[in-house]
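Undergrad: Contents are compact mmCIF, C-alpha atoms and all ligand atoms; file name query31.txt:
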```
# COMPACT_ATOMS: atom_id res chain seq x y z
CA MET A 8 127.00 43.30 189.74
CA ARG A 9 130.40 41.74 189.18
CA LEU A 10 132.67 41.32 192.18
CA ILE A 11 135.93 39.64 193.11
CA LEU A 12 136.60 38.44 196.65
CA LEU A 13 140.26 38.52 197.50
CA GLY A 14 141.96 37.16 200.60
CA PRO A 15 144.11 34.36 201.97
CA PRO A 16 142.68 30.92 202.77
CA GLY A 17 140.44 31.17 205.79
CA ALA A 18 139.73 34.89 205.32
CA GLY A 19 136.01 34.20 205.04
CA LYS A 20 135.54 34.64 201.29
CA GLY A 21 133.21 31.65 200.92
CA THR A 22 130.99 32.74 203.81
CA GLN A 23 130.65 36.32 202.57
CA ALA A 24 130.17 35.18 198.97
CA GLN A 25 127.11 33.16 199.96
CA ARG A 26 125.58 36.15 201.72
CA LEU A 27 126.15 38.35 198.69
CA VAL A 28 124.55 35.74 196.44
CA GLN A 29 121.40 35.86 198.55
CA LYS A 30 121.26 39.63 198.77
CA HIS A 31 121.99 40.46 195.15
CA GLY A 32 120.71 37.41 193.27
CA ILE A 33 124.02 36.79 191.58
CA VAL A 34 126.04 33.57 191.28
CA GLN A 35 129.15 32.62 193.20
CA LEU A 36 131.90 31.31 190.97
CA SER A 37 134.46 29.53 193.11
CA THR A 38 137.36 28.03 191.16
CA GLY A 39 138.20 25.93 194.25
CA ASP A 40 134.70 24.38 194.25
CA MET A 41 134.79 23.86 190.48
CA LEU A 42 138.19 22.18 190.67
CA ARG A 43 137.09 19.98 193.55
CA ALA A 44 134.04 18.96 191.51
CA ALA A 45 136.33 18.17 188.56
CA VAL A 46 138.58 16.10 190.85
CA ALA A 47 135.55 14.21 192.19
CA ALA A 48 134.21 13.61 188.66
CA GLU A 49 137.69 12.57 187.55
CA THR A 50 137.51 14.77 184.45
CA PRO A 51 140.78 15.40 182.57
CA ILE A 52 141.07 18.76 184.35
CA GLY A 53 140.30 17.09 187.68
CA LEU A 54 142.98 14.47 187.16
CA LYS A 55 145.48 17.18 186.27
CA ALA A 56 144.56 19.35 189.27
CA LYS A 57 144.22 16.70 191.96
CA ASP A 58 147.82 16.43 193.15
CA ILE A 59 148.58 20.13 192.68
CA MET A 60 145.65 21.05 194.89
CA ALA A 61 146.54 18.50 197.52
CA SER A 62 150.00 20.07 197.82
CA GLY A 63 148.69 23.60 198.28
CA ALA A 64 150.24 24.87 195.02
CA LEU A 65 148.31 26.64 192.26
CA VAL A 66 146.78 24.91 189.24
CA PRO A 67 148.16 26.31 185.91
CA ASP A 68 146.66 29.66 184.86
CA GLU A 69 145.33 28.43 181.50
CA VAL A 70 143.31 25.70 183.22
CA VAL A 71 141.45 28.04 185.58
CA VAL A 72 141.11 30.78 182.97
CA GLY A 73 139.48 28.22 180.65
CA ILE A 74 137.07 27.13 183.40
CA ILE A 75 136.06 30.72 184.18
CA ALA A 76 135.72 31.74 180.52
CA ASP A 77 133.22 28.91 180.01
CA ARG A 78 131.43 29.53 183.28
CA ILE A 79 130.69 33.22 182.80
CA GLU A 80 129.06 32.34 179.47
CA GLU A 81 126.37 30.38 181.33
CA PRO A 82 122.95 32.07 181.45
CA ASP A 83 122.87 32.25 185.26
CA ALA A 84 125.92 34.53 185.19
CA THR A 85 124.38 37.21 182.99
CA ASN A 86 122.93 38.98 186.02
CA GLY A 87 126.35 39.22 187.60
CA PHE A 88 128.73 37.08 189.64
CA ILE A 89 131.11 36.93 192.57
CA LEU A 90 134.46 35.45 191.80
CA ASP A 91 135.83 33.58 194.81
CA GLY A 92 139.36 32.25 194.49
CA PHE A 93 139.84 33.73 191.04
CA PRO A 94 141.96 35.49 189.87
CA ARG A 95 144.82 34.20 191.97
CA THR A 96 147.74 35.48 189.88
CA VAL A 97 148.42 38.61 187.84
CA PRO A 98 148.20 36.71 184.50
CA GLN A 99 144.79 35.39 185.59
CA ALA A 100 143.70 38.96 186.39
CA GLU A 101 144.89 40.10 182.97
CA ALA A 102 143.05 37.24 181.28
CA LEU A 103 139.90 38.18 183.19
CA ASP A 104 140.26 41.80 182.07
CA ASP A 105 140.43 40.61 178.46
CA LEU A 106 137.41 38.34 178.91
CA LEU A 107 135.32 41.12 180.39
CA LYS A 108 136.44 43.57 177.73
CA GLN A 109 135.48 41.14 174.97
CA LYS A 110 132.05 40.77 176.51
CA ARG A 111 131.81 44.51 177.24
CA LEU A 112 131.26 43.74 180.93
CA LYS A 113 132.32 45.93 183.78
CA LEU A 114 133.94 44.78 187.00
CA ASP A 115 132.32 46.69 189.86
CA ALA A 116 134.70 46.04 192.74
CA VAL A 117 137.39 43.83 194.23
CA ILE A 118 136.76 43.23 197.91
CA GLU A 119 139.87 42.31 199.84
CA LEU A 120 139.31 40.65 203.18
CA ARG A 121 142.40 41.45 205.21
CA VAL A 122 143.22 39.11 208.12
CA ASN A 123 146.13 38.42 210.45
CA GLU A 124 147.98 35.34 209.33
CA SER A 125 148.19 34.14 212.90
CA ALA A 126 144.39 33.84 212.99
CA LEU A 127 144.16 31.77 209.84
CA LEU A 128 145.38 28.43 211.18
CA GLU A 129 142.87 28.64 214.02
CA ARG A 130 140.05 29.44 211.57
CA VAL A 131 140.92 26.53 209.31
CA GLU A 132 141.12 24.16 212.32
CA THR A 133 137.69 25.33 213.44
CA ARG A 134 136.32 24.78 209.94
CA VAL A 135 137.74 21.24 209.82
CA ALA A 136 136.22 20.44 213.22
CA GLN A 137 132.80 21.79 212.12
CA MET A 138 132.87 19.77 208.90
CA ARG A 139 133.70 16.61 210.80
CA GLU A 140 130.83 17.35 213.17
CA ARG A 141 128.44 17.65 210.23
CA GLY A 142 129.83 14.43 208.83
CA GLU A 143 131.18 16.17 205.74
CA ALA A 144 134.32 15.07 203.91
CA VAL A 145 137.27 17.16 204.99
CA ARG A 146 139.32 18.84 202.26
CA ALA A 147 142.60 17.17 201.52
CA ASP A 148 144.39 20.54 201.74
CA ASP A 149 142.93 21.55 205.10
CA THR A 150 145.91 20.33 207.16
CA PRO A 151 148.38 22.58 209.02
CA GLU A 152 151.25 21.66 206.63
CA VAL A 153 149.28 22.25 203.42
CA LEU A 154 147.76 25.41 204.86
CA SER A 155 151.21 26.93 205.29
CA ASN A 156 151.90 26.10 201.59
CA ARG A 157 148.60 27.72 200.57
CA LEU A 158 149.54 30.79 202.56
CA ALA A 159 152.94 30.90 200.88
CA SER A 160 151.25 30.66 197.44
CA TYR A 161 148.90 33.46 198.43
CA ARG A 162 151.69 35.76 199.56
CA ALA A 163 153.86 35.13 196.51
CA GLN A 164 151.27 34.94 193.72
CA THR A 165 147.99 36.41 194.86
CA GLU A 166 148.91 39.34 197.08
CA PRO A 167 150.32 41.32 194.09
CA LEU A 168 146.69 41.58 192.95
CA VAL A 169 146.09 44.01 195.81
CA HIS A 170 148.32 46.51 193.97
CA TYR A 171 146.98 45.47 190.58
CA TYR A 172 143.42 46.36 191.51
CA SER A 173 144.25 49.34 193.68
CA ASP A 174 146.06 50.81 190.66
CA LYS A 175 142.86 50.31 188.70
CA ARG A 176 140.91 51.95 191.56
CA LYS A 177 138.81 48.84 192.03
CA LEU A 178 140.09 47.71 195.42
CA ILE A 179 138.01 47.89 198.58
CA THR A 180 139.72 46.59 201.69
CA ILE A 181 137.58 45.29 204.55
CA ASP A 182 138.85 44.22 207.93
CA GLY A 183 138.32 40.47 207.85
CA MET A 184 139.11 40.15 211.58
CA MET A 185 135.65 41.46 212.52
CA SER A 186 132.73 39.12 213.16
CA ILE A 187 131.00 37.54 210.16
CA GLU A 188 128.02 39.91 210.64
CA GLU A 189 130.21 42.99 210.87
CA VAL A 190 132.13 42.03 207.75
CA THR A 191 128.85 41.52 205.86
CA GLU A 192 127.62 44.90 207.04
CA ALA A 193 130.84 46.60 206.01
CA ILE A 194 130.67 45.00 202.55
CA ASN A 195 127.02 45.99 202.10
CA LYS A 196 127.75 49.58 203.10
CA VAL A 197 130.59 49.86 200.63
CA LEU A 198 128.54 48.31 197.84
CA ALA A 199 125.62 50.64 198.56
CA ALA A 200 127.93 53.66 198.38
CA LEU A 201 129.37 52.31 195.15
CA ALA A 202 125.90 51.84 193.64
CA GLU A 203 124.98 55.38 194.65
CA ALA A 204 128.14 56.77 193.10
CA ASP A 205 127.40 54.73 189.98
CA SER A 206 123.87 55.99 189.63
CA ALA A 207 125.08 59.57 190.15
CA LYS A 208 127.63 58.95 187.42
CA GLU A 209 124.93 57.52 185.17
CA ALA A 210 122.69 60.51 185.83
CA LYS A 211 125.56 62.84 185.00
CA LYS A 212 126.24 60.88 181.83
CA ASP A 213 122.55 61.03 180.87
CA ALA A 214 122.44 64.75 181.51
CA LYS A 215 125.56 65.22 179.41
CA ALA A 216 124.11 63.07 176.64
CA SER A 217 120.82 64.97 176.57
CA ALA A 218 122.73 68.29 176.62
CA LYS A 219 124.73 67.00 173.68
CA ARG A 220 121.55 65.95 171.88
CA ALA A 221 120.12 69.42 172.47
CA SER A 222 123.26 71.02 171.12
CA VAL A 223 123.15 68.69 168.09
CA ARG A 224 119.57 69.83 167.46
CA LYS A 225 120.69 73.44 167.69
CA THR A 226 123.58 72.79 165.36
CA SER A 227 121.37 71.02 162.83
CA ALA A 228 118.90 73.93 162.95
CA LYS A 229 121.83 76.21 162.31
CA ALA A 230 122.95 73.91 159.51
CA LYS A 231 119.48 74.13 157.98
CA LYS A 232 119.71 77.90 158.02
CA ALA A 233 123.24 77.77 156.69
CA PRO A 234 122.44 77.70 152.94
CA ALA A 235 120.28 80.83 153.19
CA LYS A 236 122.95 82.47 155.26
CA ALA A 237 125.61 81.48 152.77
CA ALA A 238 123.53 82.80 149.87
CA LYS A 239 123.07 86.08 151.71
CA ALA A 240 126.78 86.30 152.34
CA ALA A 241 127.53 85.50 148.68
CA LYS A 242 125.09 88.20 147.57
CA LYS A 243 126.76 90.68 149.86
CA THR A 244 130.18 89.71 148.54
CA ALA A 245 128.97 90.04 144.95
CA ARG A 246 127.48 93.46 145.70
CA LYS A 247 130.71 94.52 147.30
CA ALA A 248 132.73 93.21 144.36
CA ALA A 249 130.47 95.01 141.85
CA LYS A 250 130.80 98.21 143.81
CA ALA A 251 134.55 97.85 143.90
CA THR A 252 134.69 97.14 140.16
CA ALA A 253 132.51 100.15 139.36
CA LYS A 254 134.70 102.32 141.50
CA LYS A 255 137.76 100.95 139.75
CA VAL A 256 136.23 101.54 136.31
CA ALA A 257 135.27 105.08 137.25
CA LYS A 258 138.74 105.75 138.52
CA LYS A 259 140.20 104.39 135.30
CA ALA A 260 137.85 106.51 133.20
CA LYS A 261 138.74 109.59 135.21
CA LYS A 262 142.41 108.84 134.70
CA ALA A 263 141.87 108.33 130.96
CA ALA A 264 139.93 111.57 130.71
CA LYS A 265 142.68 113.38 132.54
CA SER A 266 145.33 111.94 130.26
CA ALA A 267 143.19 112.79 127.18
CA LYS A 268 142.87 116.34 128.45
CA LYS A 269 146.61 116.43 128.92
CA THR A 270 147.13 115.16 125.37
CA VAL A 271 144.73 117.74 123.97
CA LYS A 272 146.56 120.41 125.93
CA ALA A 273 149.90 119.13 124.69
CA VAL A 274 148.62 119.02 121.11
CA ALA A 275 147.29 122.55 121.45
CA LYS A 276 150.59 123.69 122.91
CA GLY A 277 152.42 121.97 120.09
CA ARG A 278 150.18 123.63 117.56
CA LYS A 279 150.70 127.00 119.20
CA LYS A 280 154.43 126.46 119.13
CA LEU A 281 154.29 125.48 115.50
CA ALA A 282 152.22 128.52 114.69
CA ALA A 283 154.67 130.75 116.52
CA LYS A 284 157.53 129.15 114.64
CA ALA A 285 155.72 129.64 111.38
CA LYS A 286 155.13 133.23 112.24
CA SER A 287 158.72 133.78 113.17
CA ARG A 288 159.76 132.02 110.02
CA ALA A 289 157.46 134.31 108.06
CA ALA A 290 159.10 137.29 109.66
CA ALA A 291 162.59 135.91 109.10
CA PRO A 292 163.05 136.88 105.34
CA LYS A 293 163.00 140.58 106.26
CA LYS A 294 165.71 139.87 108.72
CA GLY A 295 167.64 137.99 106.06
CA LYS A 296 167.29 140.88 103.57
CA SER A 297 168.59 143.40 106.06
CA VAL A 298 171.49 141.11 106.72
CA SER A 299 172.33 140.85 103.04
CA LYS A 300 171.73 144.58 102.70
CA GLY A 301 174.20 145.18 105.55
CA ARG A 302 176.58 142.89 103.89
CA LYS A 303 176.19 144.75 100.65
CA VAL A 304 176.76 148.11 102.38
CA ALA A 305 179.82 146.67 104.09
CA LYS A 306 181.02 145.25 100.76
CA LYS A 307 180.45 148.59 99.11
CA ALA A 308 182.35 150.39 101.92
CA ALA A 309 185.15 147.87 101.62
CA LYS A 310 185.31 148.36 97.87
CA LYS A 311 185.38 152.14 98.49
CA ARG A 312 188.20 151.66 100.99
CA VAL A 313 190.12 149.49 98.46
CA LYS A 314 189.57 152.12 95.72
CA ALA A 315 190.77 154.95 98.02
CA ALA A 316 193.81 152.93 98.95
CA LYS A 317 194.57 152.31 95.25
CA ARG A 318 194.19 156.00 94.66
CA LEU A 319 196.62 156.79 97.44
CA THR A 320 199.24 154.38 96.09
CA LYS A 321 198.80 155.79 92.64
CA ARG A 322 199.37 159.32 94.00
CA ARG A 323 202.57 158.21 95.71
P1 LIG B 401 141.15 28.55 199.75
O1 LIG B 401 140.05 28.10 200.62
O2 LIG B 401 142.49 28.24 200.30
O3 LIG B 401 141.05 29.93 199.27
P2 LIG B 401 140.09 27.35 197.33
O4 LIG B 401 139.00 26.48 197.81
O5 LIG B 401 139.72 28.61 196.65
O6 LIG B 401 141.14 27.62 198.48
O7 LIG B 401 141.03 26.54 196.30
C1 LIG B 401 141.62 25.35 196.72
C2 LIG B 401 142.76 24.99 195.78
O8 LIG B 401 142.30 24.97 194.43
C3 LIG B 401 143.92 25.96 195.81
O9 LIG B 401 144.85 25.73 196.83
C4 LIG B 401 144.49 25.72 194.42
O10 LIG B 401 145.31 24.57 194.36
C5 LIG B 401 143.29 25.48 193.55
N1 LIG B 401 142.79 26.73 192.98
C6 LIG B 401 141.60 27.32 193.22
N2 LIG B 401 141.49 28.46 192.52
C7 LIG B 401 142.62 28.59 191.82
C8 LIG B 401 143.11 29.56 190.92
N3 LIG B 401 142.39 30.66 190.60
N4 LIG B 401 144.32 29.41 190.37
C9 LIG B 401 145.07 28.33 190.66
N5 LIG B 401 144.67 27.39 191.51
C10 LIG B 401 143.45 27.51 192.09
```
Represent the structure of the file as structure tokens.

TA:
Amino acid sequence: MRLILLGPPGAGKGTQAQRLVQKHGIVQLSTGDMLRAAVAAETPIGLKAKDIMASGALVPDEVVVGIIADRIEEPDATNGFILDGFPRTVPQAEALDDLLKQKRLKLDAVIELRVNESALLERVETRVAQMRERGEAVRADDTPEVLSNRLASYRAQTEPLVHYYSDKRKLITIDGMMSIEEVTEAINKVLAALAEADSAKEAKKDAKASAKRASVRKTSAKAKKAPAKAAKAAKKTARKAAKATAKKVAKKAKKAAKSAKKTVKAVAKGRKKLAAKAKSRAAAPKKGKSVSKGRKVAKKAAKKRVKAAKRLTKRR
């Protein structure tokens, strides 16, 4: 499980983080603790962060992002982690998104502990008193003046993360004004519901995947049958084509026969015509003779008429 605890100083993040560590066997990654350790060890990062932290301002993003990137690589973080005090700015949240994406890790939830600001000073004062009682070193930034700076940093730079994660549907807001026990209970309830929803989602995904596998099997069986099917279809098409061609050929032959018949008929008709012509031509000479005979008769009659006329003129 990978969680982020979000809330202003004194909201109870550290307390709840420790309880979650015990319940879920995951590690708590507190940038505040890591930076304080670096300050104590006087590492280069510690030296850089010391004064910034003492003033209540935020250490540069690249410093804390670098620390977290290295820390989540450690073997004890593979099971999951609770980020406490990180991310504290939107660029840090974006860098974390990139880191998780690179490692193909999922962020389960961001738990925001919401508290009244007026209660925070009192809580921090109580904490300081308890630490003194236990003989522990008091944090340099646990003074009323620095606390108001830390609150101002929270409001300006960290609170926008509430929207950032609610937009990503990761935000779970818990009333941090309840007792420590009640807050723990509320967190556990929400996480249990989330786990249930997750396993339901997983089951759905599995069911979908096995349905897909089944459909793939079906498809591949179909694919196996496909060549035979295709061959059958090709055969059918060929048969159809052959049938169509035969039909076409027959039609053509019929047409040719018809046209041949027509030609024969035409030839016969032509022949008949020719024969008739020949016949009429054979009969024609008789007609010609009678014509010339007529002409001769007419000529003879004309000659007679000329002779008679000559006779008449002679008589006169
Ligand atoms: P708080 O108890 O106020 O939440 P922390 O113990 O988480 O504070 O951190 C203490 C100080 O360490 C901060 O005031 C800040 O200067 C520095 N710090 C811790 N985490 C971050 C961070 N993610 N980004 C920048 N500065 C940080």

Undergrad: Could you make a table, as JSON lines, of the residues of chain A that have an atom within 10 Å of an atom of ligand LIG 401 (chain B), each with its nearest atom pair and distance in Å to one decimal, counting all atoms listed in the file, in chain and number order?

TA:
```
{"residue": "A:Leu12", "atom": "CA", "partner": "B:LIG401", "partner_atom": "O3", "distance": 10.0}
{"residue": "A:Leu13", "atom": "CA", "partner": "B:LIG401", "partner_atom": "O3", "distance": 8.8}
{"residue": "A:Gly14", "atom": "CA", "partner": "B:LIG401", "partner_atom": "O3", "distance": 7.4}
{"residue": "A:Pro15", "atom": "CA", "partner": "B:LIG401", "partner_atom": "O3", "distance": 6.0}
{"residue": "A:Pro16", "atom": "CA", "partner": "B:LIG401", "partner_atom": "O2", "distance": 3.6}
{"residue": "A:Gly17", "atom": "CA", "partner": "B:LIG401", "partner_atom": "O1", "distance": 6.0}
{"residue": "A:Ala18", "atom": "CA", "partner": "B:LIG401", "partner_atom": "O3", "distance": 7.9}
{"residue": "A:Gly19", "atom": "CA", "partner": "B:LIG401", "partner_atom": "O1", "distance": 8.5}
{"residue": "A:Lys20", "atom": "CA", "partner": "B:LIG401", "partner_atom": "O3", "distance": 7.5}
{"residue": "A:Gly21", "atom": "CA", "partner": "B:LIG401", "partner_atom": "O1", "distance": 7.7}
{"residue": "A:Ser37", "atom": "CA", "partner": "B:LIG401", "partner_atom": "O5", "distance": 6.4}
{"residue": "A:Thr38", "atom": "CA", "partner": "B:LIG401", "partner_atom": "N2", "distance": 4.4}
{"residue": "A:Gly39", "atom": "CA", "partner": "B:LIG401", "partner_atom": "O7", "distance": 3.5}
{"residue": "A:Asp40", "atom": "CA", "partner": "B:LIG401", "partner_atom": "O4", "distance": 6.0}
{"residue": "A:Met41", "atom": "CA", "partner": "B:LIG401", "partner_atom": "C6", "distance": 8.1}
{"residue": "A:Leu42", "atom": "CA", "partner": "B:LIG401", "partner_atom": "O8", "distance": 6.2}
{"residue": "A:Arg43", "atom": "CA", "partner": "B:LIG401", "partner_atom": "O8", "distance": 7.3}
{"residue": "A:Ala56", "atom": "CA", "partner": "B:LIG401", "partner_atom": "O10", "distance": 7.3}
{"residue": "A:Lys57", "atom": "CA", "partner": "B:LIG401", "partner_atom": "O10", "distance": 8.3}
{"residue": "A:Asp58", "atom": "CA", "partner": "B:LIG401", "partner_atom": "O10", "distance": 8.6}
{"residue": "A:Ile59", "atom": "CA", "partner": "B:LIG401", "partner_atom": "O10", "distance": 5.8}
{"residue": "A:Met60", "atom": "CA", "partner": "B:LIG401", "partner_atom": "O10", "distance": 3.6}
{"residue": "A:Ala61", "atom": "CA", "partner": "B:LIG401", "partner_atom": "O10", "distance": 7.0}
{"residue": "A:Ser62", "atom": "CA", "partner": "B:LIG401", "partner_atom": "O10", "distance": 7.4}
{"residue": "A:Gly63", "atom": "CA", "partner": "B:LIG401", "partner_atom": "O9", "distance": 4.6}
{"residue": "A:Ala64", "atom": "CA", "partner": "B:LIG401", "partner_atom": "O10", "distance": 5.0}
{"residue": "A:Leu65", "atom": "CA", "partner": "B:LIG401", "partner_atom": "N5", "distance": 3.8}
{"residue": "A:Val66", "atom": "CA", "partner": "B:LIG401", "partner_atom": "N5", "distance": 4.0}
{"residue": "A:Pro67", "atom": "CA", "partner": "B:LIG401", "partner_atom": "C9", "distance": 6.0}
{"residue": "A:Asp68", "atom": "CA", "partner": "B:LIG401", "partner_atom": "N4", "distance": 6.0}
{"residue": "A:Glu69", "atom": "CA", "partner": "B:LIG401", "partner_atom": "N4", "distance": 9.0}
{"residue": "A:Val70", "atom": "CA", "partner": "B:LIG401", "partner_atom": "C9", "distance": 8.1}
{"residue": "A:Val71", "atom": "CA", "partner": "B:LIG401", "partner_atom": "N3", "distance": 5.7}
{"residue": "A:Val72", "atom": "CA", "partner": "B:LIG401", "partner_atom": "N3", "distance": 7.7}
{"residue": "A:Ile74", "atom": "CA", "partner": "B:LIG401", "partner_atom": "N3", "distance": 9.6}
{"residue": "A:Ile75", "atom": "CA", "partner": "B:LIG401", "partner_atom": "N3", "distance": 9.0}
{"residue": "A:Leu90", "atom": "CA", "partner": "B:LIG401", "partner_atom": "N3", "distance": 9.3}
{"residue": "A:Asp91", "atom": "CA", "partner": "B:LIG401", "partner_atom": "O5", "distance": 6.6}
{"residue": "A:Gly92", "atom": "CA", "partner": "B:LIG401", "partner_atom": "O5", "distance": 4.2}
{"residue": "A:Phe93", "atom": "CA", "partner": "B:LIG401", "partner_atom": "N3", "distance": 4.0}
{"residue": "A:Pro94", "atom": "CA", "partner": "B:LIG401", "partner_atom": "N3", "distance": 4.9}
{"residue": "A:Arg95", "atom": "CA", "partner": "B:LIG401", "partner_atom": "N3", "distance": 4.5}
{"residue": "A:Thr96", "atom": "CA", "partner": "B:LIG401", "partner_atom": "N4", "distance": 7.0}
{"residue": "A:Gln99", "atom": "CA", "partner": "B:LIG401", "partner_atom": "N3", "distance": 7.3}
{"residue": "A:Ala100", "atom": "CA", "partner": "B:LIG401", "partner_atom": "N3", "distance": 9.4}
{"residue": "A:Val131", "atom": "CA", "partner": "B:LIG401", "partner_atom": "O1", "distance": 8.9}
{"residue": "A:Arg146", "atom": "CA", "partner": "B:LIG401", "partner_atom": "O4", "distance": 8.8}
{"residue": "A:Ala147", "atom": "CA", "partner": "B:LIG401", "partner_atom": "C1", "distance": 9.5}
{"residue": "A:Asp148", "atom": "CA", "partner": "B:LIG401", "partner_atom": "O9", "distance": 7.2}
{"residue": "A:Asp149", "atom": "CA", "partner": "B:LIG401", "partner_atom": "O2", "distance": 8.2}
{"residue": "A:Val153", "atom": "CA", "partner": "B:LIG401", "partner_atom": "O9", "distance": 8.7}
{"residue": "A:Leu154", "atom": "CA", "partner": "B:LIG401", "partner_atom": "O2", "distance": 7.5}
{"residue": "A:Asn156", "atom": "CA", "partner": "B:LIG401", "partner_atom": "O9", "distance": 8.5}
{"residue": "A:Arg157", "atom": "CA", "partner": "B:LIG401", "partner_atom": "O9", "distance": 5.7}
{"residue": "A:Leu158", "atom": "CA", "partner": "B:LIG401", "partner_atom": "O2", "distance": 7.8}
{"residue": "A:Ser160", "atom": "CA", "partner": "B:LIG401", "partner_atom": "O9", "distance": 8.1}
{"residue": "A:Tyr161", "atom": "CA", "partner": "B:LIG401", "partner_atom": "O2", "distance": 8.5}
{"residue": "A:Gln164", "atom": "CA", "partner": "B:LIG401", "partner_atom": "N4", "distance": 9.5}
{"residue": "A:Thr165", "atom": "CA", "partner": "B:LIG401", "partner_atom": "N3", "distance": 9.1}
```

Undergrad: To one decimal place in Å, what is the distance between atom CA of A:Asp77 and atom CA of A:Arg111?

TA: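 It comes out at 15.9 Å.
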
Undergrad: Could you tell me how far atom CA of A:Ala230 lies from atom CA of A:Lys247, in Å and to one decimal?

TA: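 About the pair atom CA of A:Ala230 and atom CA of A:Lys247: they are 25.2 Å apart.
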
Undergrad: What's around stretch 121-124 of chain A at 8 Å? Count only C-alpha atoms, leave out sequence neighbours fewer than 3 positions away in its own chain, and write the answer as a PyMOL selection string.

TA: chain A and resi 14-15+18+127-128+180-184

Undergrad: Taking all atoms of stretch 97-114 of chain A that the file lists, what box with edges along x, y and z, padded by 3 Å per side, do you get, with centre and edge lengths in Å to one decimal, as JSON?

TA:
```
{"center_x": 139.8, "center_y": 40.7, "center_z": 181.4, "size_x": 23.2, "size_y": 16.5, "size_z": 18.9}
```

Undergrad: Please, what distance in Å, to one decimal, runs between atom CA of A:Val135 and atom CA of A:Pro151?

TA: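 Atom-to-atom, atom CA of A:Val135 and atom CA of A:Pro151 are spaced 10.8 Å apart.
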
Undergrad: Step by step: start from the point (144.4, 47.3, 193.5) in the file's coordinates, keep every protein, DNA or RNA residue that has an atom no farther than 12 Å from it, count all atoms listed in the file, and write the set as JSON, numbers by chain.

TA: {"A": [11, 13, 97, 100, 116, 117, 118, 119, 165, 166, 167, 168, 169, 170, 171, 172, 173, 174, 175, 176, 177, 178, 179, 180]}

Undergrad: Please, which residues in stretch 85-130 of chain A fall within 8 Å of stretch 30-33 of chain A when counting all atoms listed in the file, and what is the closest atom pair and distance in Å to one decimal for each, ordered by chain then residue number, as a tab-separated table?

TA:
```
residue	atom	partner	partner_atom	distance
A:Asn86	CA	A:Ile33	CA	6.1
A:Gly87	CA	A:Ile33	CA	5.2
A:Phe88	CA	A:Ile33	CA	5.1
A:Ile89	CA	A:Ile33	CA	7.2
```
